[in-house]
Structure formats: structure tokens, C-alpha cells
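Trainee: This structure is in C-alpha cells; I'll ask about it shortly.
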Amino acid sequence: MFSREPKQARIDTLIGRAARLHGDLGFAGGLHLDGRIAGNVTAQPGTRSSLSISETGAIEGTVTVPTVMLDGTVKGDIHAPERLVLGATARIQGNVYYGVIEMTLGAEIMGKLTQVAPERVSGSAAPLPVMASLAGPSAGKAAKAAKAG
């Protein structure tokens with residue numbers, strides 16, 4: 001029912017291990033990086049885009065993506081206003097601006113950490129209250145009991 005494993009992100013674009021990109025990259029949707037990018041990586045504003053960087057992936061430049069899952073290396077600032085997930089092999093040399101951060105033992109950050117308010121994506125629903133997110137018939141009873149008590 002509840003799992004600590006994050007839901008697998010949708011991948012629209014894949015940059016393979018042997019690929020090398022020199023220049024800035026803009027995208028929308030899901031991007032998975034196994035290769036190397038020398039340039040800035042930016043998600044299209046107003047989208048629910050995500051970036052996953054494998055252990056072999058590396059970026060030299062600024063990353064501006066709502067959700068980032070990092071197992072590789074970034075030399076530059078990361079702006080992840082929604083969520084940043086750092087695996088054990090993640091290496092960052094730069095400042096990190098995040099909404100929510102999750103770090104696994106072994107991840108390294110050489111820079112400043114700054115929490116920012118999560119950005120709202122146009123058309124997205126507001127977060128559900130905890131009681132409303134409970135499943136099953138007992139959820140309604142629990143909500144009524146909380147209001148009464």
C-alpha cells in the first residue's frame with residue numbers, strides 16, 4: 001500500500017551512455033541521462049517535467065527542472081522547486097535550491113542548500129488533506145471523528 005520507493009518517472013527522452021552534448025538543452029516531460037552534457041539543462045516552464053541522471057550521467061551547467069533524481073554528477077547549481085532525490089552515488093558541486101529533498105547515505109553536496117517554496121504548475125490540483133487521502137470506508141469515519149473531537 002505505502003512504499004518508500006518513488007514511482008518510476010515517465011521517460012520521453014533518453015540520452016545514452018556514449019552521447020556527449022555540448023550546448024544548452026531544453027525539454028518537456030521526462031528526460032533520462034546516461035551520457036554527458038556540457039551546458040544548461042532546463043525544463044519548459046509550467047510543465048511537470050522530471051530529470052533522472054544515472055551513475056554514468058554528468059552535467060556541467062545549471063539544472064532547472066521541477067523534479068530531479070540524481071545518481072550521477074552535476075557541476076553547477078540545481079534548481080528543483082518540487083523534489084530532489086539524491087542516490088548514494090550522487091555528486092553535486094554547486095548550490096542546490098529545492099522544494100523537498102531526499103538524500104541517501106553516500107550522496108555528496110559541495111555547495112549551499114536552500115529550501116524554496118514549491119512552484120505550482122498551471123492546472124495542477126492543490127494537495128489533498130491527509131484525511132482525504134486515506135483509502136477505504138474507515139477514512140470517512142476517521143474524518144468525521146476528527147471534526148467532532
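Going through the C-alpha cells in order, the chains are called A, B, and so on, while each chain numbers its residues from 1 and the ligands are numbered from 1 in the order shown.
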For Ala19 of chain A, work out the shell of residues within 9 Å, counting only C-alpha atoms and skipping chain neighbours fewer than 4 positions away, then give it as a count of residues only.
Mentor: 5
Trainee: Set the distance at 6 Å and use only C-alpha atoms: which residues neighbour Leu70 of chain A once local chain neighbours fewer than 3 positions away are removed? I'd like the list as a list of chain:residue names.
Mentor: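 Listing them by chain and then by number gives A:Ser52, A:Ile53, A:Leu86, A:Ala90.
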Trainee: At a cut-off of 8 Å, using only C-alpha atoms, what residues contact Ser50 of chain A? Leave out same-chain residues fewer than 6 positions from it and give the result as a PDB file with N, CA and C atoms, in the first residue's frame.
Mentor:
ATOM      1  N   ALA A   9       9.498   7.424 -12.888  1.00  0.00           N
ATOM      2  CA  ALA A   9       9.196   8.608 -13.697  1.00  0.00           C
ATOM      3  C   ALA A   9       9.038   8.220 -15.161  1.00  0.00           C
ATOM      4  N   GLY A  29       8.516  17.025 -20.235  1.00  0.00           N
ATOM      5  CA  GLY A  29       8.259  15.617 -19.962  1.00  0.00           C
ATOM      6  C   GLY A  29       9.381  15.014 -19.139  1.00  0.00           C
ATOM      7  N   GLY A  30       9.724  13.776 -19.428  1.00  0.00           N
ATOM      8  CA  GLY A  30      10.769  13.084 -18.678  1.00  0.00           C
ATOM      9  C   GLY A  30      12.025  12.919 -19.502  1.00  0.00           C
ATOM     10  N   LEU A  31      13.162  13.230 -18.912  1.00  0.00           N
ATOM     11  CA  LEU A  31      14.462  13.083 -19.567  1.00  0.00           C
ATOM     12  C   LEU A  31      15.328  12.187 -18.696  1.00  0.00           C
ATOM     13  N   ALA A  43      13.914  22.630 -18.002  1.00  0.00           N
ATOM     14  CA  ALA A  43      12.595  22.118 -18.371  1.00  0.00           C
ATOM     15  C   ALA A  43      11.722  23.275 -18.823  1.00  0.00           C
ATOM     16  N   VAL A  65      14.899  22.138 -13.279  1.00  0.00           N
ATOM     17  CA  VAL A  65      13.867  21.136 -13.558  1.00  0.00           C
ATOM     18  C   VAL A  65      13.068  20.935 -12.275  1.00  0.00           C
ATOM     19  N   PRO A  66      11.726  20.853 -12.359  1.00  0.00           N
ATOM     20  CA  PRO A  66      10.931  20.702 -11.136  1.00  0.00           C
ATOM     21  C   PRO A  66      11.318  19.492 -10.277  1.00  0.00           C
ATOM     22  N   THR A  67      11.514  18.332 -10.903  1.00  0.00           N
ATOM     23  CA  THR A  67      11.844  17.118 -10.162  1.00  0.00           C
ATOM     24  C   THR A  67      13.127  16.520 -10.727  1.00  0.00           C
ATOM     25  N   VAL A  68      14.112  16.288  -9.850  1.00  0.00           N
ATOM     26  CA  VAL A  68      15.402  15.731 -10.267  1.00  0.00           C
ATOM     27  C   VAL A  68      15.716  14.512  -9.416  1.00  0.00           C
ATOM     28  N   MET A  69      16.082  13.396 -10.091  1.00  0.00           N
ATOM     29  CA  MET A  69      16.565  12.194  -9.424  1.00  0.00           C
ATOM     30  C   MET A  69      18.002  11.993  -9.884  1.00  0.00           C
TER      31      MET A  69
END
Trainee: So which residues touch segment 108-116 of chain A within 8 Å, counting only C-alpha atoms, skipping near sequence neighbours fewer than 2 positions away, as a PyMOL selection string?
Mentor: chain A and resi 81+89-100+106+118
Trainee: Save the residues we just selected, N, CA and C atoms, as a PDB file, in the first residue's frame?
Mentor:
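Output file result.pdb follows:
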ATOM      1  N   PRO A  81      12.445  22.972  -7.750  1.00  0.00           N
ATOM      2  CA  PRO A  81      11.468  23.542  -6.826  1.00  0.00           C
ATOM      3  C   PRO A  81      10.438  22.555  -6.291  1.00  0.00           C
ATOM      4  N   THR A  89      25.307   7.498  -5.022  1.00  0.00           N
ATOM      5  CA  THR A  89      26.440   7.871  -5.872  1.00  0.00           C
ATOM      6  C   THR A  89      26.319   9.298  -6.413  1.00  0.00           C
ATOM      7  N   ALA A  90      25.348  10.061  -5.925  1.00  0.00           N
ATOM      8  CA  ALA A  90      25.144  11.441  -6.391  1.00  0.00           C
ATOM      9  C   ALA A  90      26.276  12.344  -5.924  1.00  0.00           C
ATOM     10  N   ARG A  91      26.740  13.198  -6.832  1.00  0.00           N
ATOM     11  CA  ARG A  91      27.793  14.168  -6.527  1.00  0.00           C
ATOM     12  C   ARG A  91      27.373  15.513  -7.102  1.00  0.00           C
ATOM     13  N   ILE A  92      27.352  16.546  -6.255  1.00  0.00           N
ATOM     14  CA  ILE A  92      26.987  17.889  -6.710  1.00  0.00           C
ATOM     15  C   ILE A  92      28.068  18.865  -6.285  1.00  0.00           C
ATOM     16  N   GLN A  93      28.547  19.660  -7.254  1.00  0.00           N
ATOM     17  CA  GLN A  93      29.457  20.761  -6.966  1.00  0.00           C
ATOM     18  C   GLN A  93      28.735  22.036  -7.396  1.00  0.00           C
ATOM     19  N   GLY A  94      27.997  22.599  -6.475  1.00  0.00           N
ATOM     20  CA  GLY A  94      27.210  23.790  -6.769  1.00  0.00           C
ATOM     21  C   GLY A  94      26.117  23.953  -5.733  1.00  0.00           C
ATOM     22  N   ASN A  95      25.400  25.045  -5.809  1.00  0.00           N
ATOM     23  CA  ASN A  95      24.323  25.318  -4.864  1.00  0.00           C
ATOM     24  C   ASN A  95      23.062  24.577  -5.283  1.00  0.00           C
ATOM     25  N   VAL A  96      22.266  24.209  -4.274  1.00  0.00           N
ATOM     26  CA  VAL A  96      21.057  23.428  -4.509  1.00  0.00           C
ATOM     27  C   VAL A  96      19.857  24.188  -3.958  1.00  0.00           C
ATOM     28  N   TYR A  97      18.857  24.398  -4.809  1.00  0.00           N
ATOM     29  CA  TYR A  97      17.608  25.053  -4.424  1.00  0.00           C
ATOM     30  C   TYR A  97      16.500  24.019  -4.630  1.00  0.00           C
ATOM     31  N   TYR A  98      15.807  23.638  -3.564  1.00  0.00           N
ATOM     32  CA  TYR A  98      14.887  22.511  -3.628  1.00  0.00           C
ATOM     33  C   TYR A  98      13.591  22.811  -2.882  1.00  0.00           C
ATOM     34  N   GLY A  99      12.521  22.092  -3.255  1.00  0.00           N
ATOM     35  CA  GLY A  99      11.264  22.147  -2.517  1.00  0.00           C
ATOM     36  C   GLY A  99      11.284  21.092  -1.424  1.00  0.00           C
ATOM     37  N   VAL A 100      11.536  19.852  -1.812  1.00  0.00           N
ATOM     38  CA  VAL A 100      11.684  18.714  -0.897  1.00  0.00           C
ATOM     39  C   VAL A 100      12.944  17.988  -1.327  1.00  0.00           C
ATOM     40  N   GLY A 106      25.771   8.538   1.497  1.00  0.00           N
ATOM     41  CA  GLY A 106      26.815   8.471   0.484  1.00  0.00           C
ATOM     42  C   GLY A 106      26.756   9.618  -0.506  1.00  0.00           C
ATOM     43  N   PRO A 118       7.599  25.289  -3.186  1.00  0.00           N
ATOM     44  CA  PRO A 118       7.320  24.556  -4.428  1.00  0.00           C
ATOM     45  C   PRO A 118       6.512  25.416  -5.389  1.00  0.00           C
TER      46      PRO A 118
END
Trainee: Give the strand (DSSP E or B) residues of segment 21-130 of chain A, as DSSP finds them on the backbone, and put them as an mmCIF file with C-alpha atoms, in the first residue's frame.
Mentor:
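New file selection14.cif:
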data_model
loop_
_atom_site.group_PDB
_atom_site.id
_atom_site.type_symbol
_atom_site.label_atom_id
_atom_site.label_comp_id
_atom_site.auth_asym_id
_atom_site.auth_seq_id
_atom_site.Cartn_x
_atom_site.Cartn_y
_atom_site.Cartn_z
ATOM 1 C CA LEU A 21 26.091 17.062 -25.837
ATOM 2 C CA HIS A 22 27.784 20.473 -25.919
ATOM 3 C CA LEU A 25 19.196 21.576 -23.604
ATOM 4 C CA GLY A 26 15.532 22.454 -23.129
ATOM 5 C CA PHE A 27 12.878 19.751 -22.762
ATOM 6 C CA GLY A 30 10.769 13.084 -18.678
ATOM 7 C CA LEU A 31 14.462 13.083 -19.567
ATOM 8 C CA HIS A 32 16.856 10.280 -18.586
ATOM 9 C CA LEU A 33 20.586 10.926 -18.900
ATOM 10 C CA ARG A 36 27.259 13.775 -20.573
ATOM 11 C CA ILE A 37 26.009 17.331 -21.129
ATOM 12 C CA ALA A 38 28.245 20.415 -21.136
ATOM 13 C CA VAL A 41 19.514 21.756 -18.754
ATOM 14 C CA THR A 42 16.131 23.482 -18.452
ATOM 15 C CA ALA A 43 12.595 22.118 -18.371
ATOM 16 C CA SER A 50 11.484 15.416 -14.477
ATOM 17 C CA LEU A 51 15.148 14.624 -14.979
ATOM 18 C CA SER A 52 16.849 11.397 -13.941
ATOM 19 C CA ILE A 53 20.626 11.118 -14.123
ATOM 20 C CA ALA A 58 27.015 14.001 -15.810
ATOM 21 C CA ILE A 59 26.079 17.641 -16.365
ATOM 22 C CA GLU A 60 28.401 20.644 -16.348
ATOM 23 C CA VAL A 63 19.945 22.387 -13.967
ATOM 24 C CA THR A 64 16.448 23.926 -13.727
ATOM 25 C CA THR A 67 11.844 17.118 -10.162
ATOM 26 C CA VAL A 68 15.402 15.731 -10.267
ATOM 27 C CA MET A 69 16.565 12.194 -9.424
ATOM 28 C CA LEU A 70 20.350 12.140 -9.314
ATOM 29 C CA THR A 73 27.332 14.111 -11.182
ATOM 30 C CA VAL A 74 26.309 17.752 -11.576
ATOM 31 C CA LYS A 75 28.886 20.549 -11.655
ATOM 32 C CA ILE A 78 20.455 22.720 -9.273
ATOM 33 C CA HIS A 79 17.016 24.367 -9.125
ATOM 34 C CA ALA A 80 14.445 21.648 -8.286
ATOM 35 C CA PRO A 81 11.468 23.542 -6.826
ATOM 36 C CA GLU A 82 9.372 20.395 -6.385
ATOM 37 C CA ARG A 83 11.607 17.449 -5.437
ATOM 38 C CA LEU A 84 15.258 16.431 -5.446
ATOM 39 C CA VAL A 85 16.198 12.788 -4.822
ATOM 40 C CA LEU A 86 19.896 12.024 -4.339
ATOM 41 C CA ARG A 91 27.793 14.168 -6.527
ATOM 42 C CA ILE A 92 26.987 17.889 -6.710
ATOM 43 C CA GLN A 93 29.457 20.761 -6.966
ATOM 44 C CA VAL A 96 21.057 23.428 -4.509
ATOM 45 C CA TYR A 97 17.608 25.053 -4.424
ATOM 46 C CA TYR A 98 14.887 22.511 -3.628
ATOM 47 C CA GLY A 99 11.264 22.147 -2.517
ATOM 48 C CA VAL A 100 11.684 18.714 -0.897
ATOM 49 C CA ILE A 101 14.981 16.828 -0.700
ATOM 50 C CA GLU A 102 15.707 13.154 -0.108
ATOM 51 C CA MET A 103 19.296 12.038 0.359
ATOM 52 C CA GLU A 108 27.802 14.417 -1.634
ATOM 53 C CA ILE A 109 26.998 18.118 -1.991
ATOM 54 C CA MET A 110 29.749 20.718 -2.206
ATOM 55 C CA LEU A 113 21.397 24.069 0.345
ATOM 56 C CA THR A 114 18.376 26.405 0.148
ATOM 57 C CA GLN A 115 14.775 25.324 0.537
#
Trainee: Extract, using only C-alpha atoms, all DNA, RNA and protein residues at most 6 Å from Gly61 of chain A, discarding same-chain residues fewer than 6 positions from it, and format them as a list in words.
Mentor: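 What passes the distance filter is Gly39, Asn40 and Gly76 of chain A.
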Trainee: What does the distance between atom CA of Arg17 of chain A and atom CA of Ser54 of chain A come to in Å, to one decimal place?
Mentor: 9.3 Å
Trainee: How many Å separate atom CA of Ala117 of chain A from atom CA of Thr104 of chain A?
Mentor: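 Distance between the two atoms: 22.4 Å.
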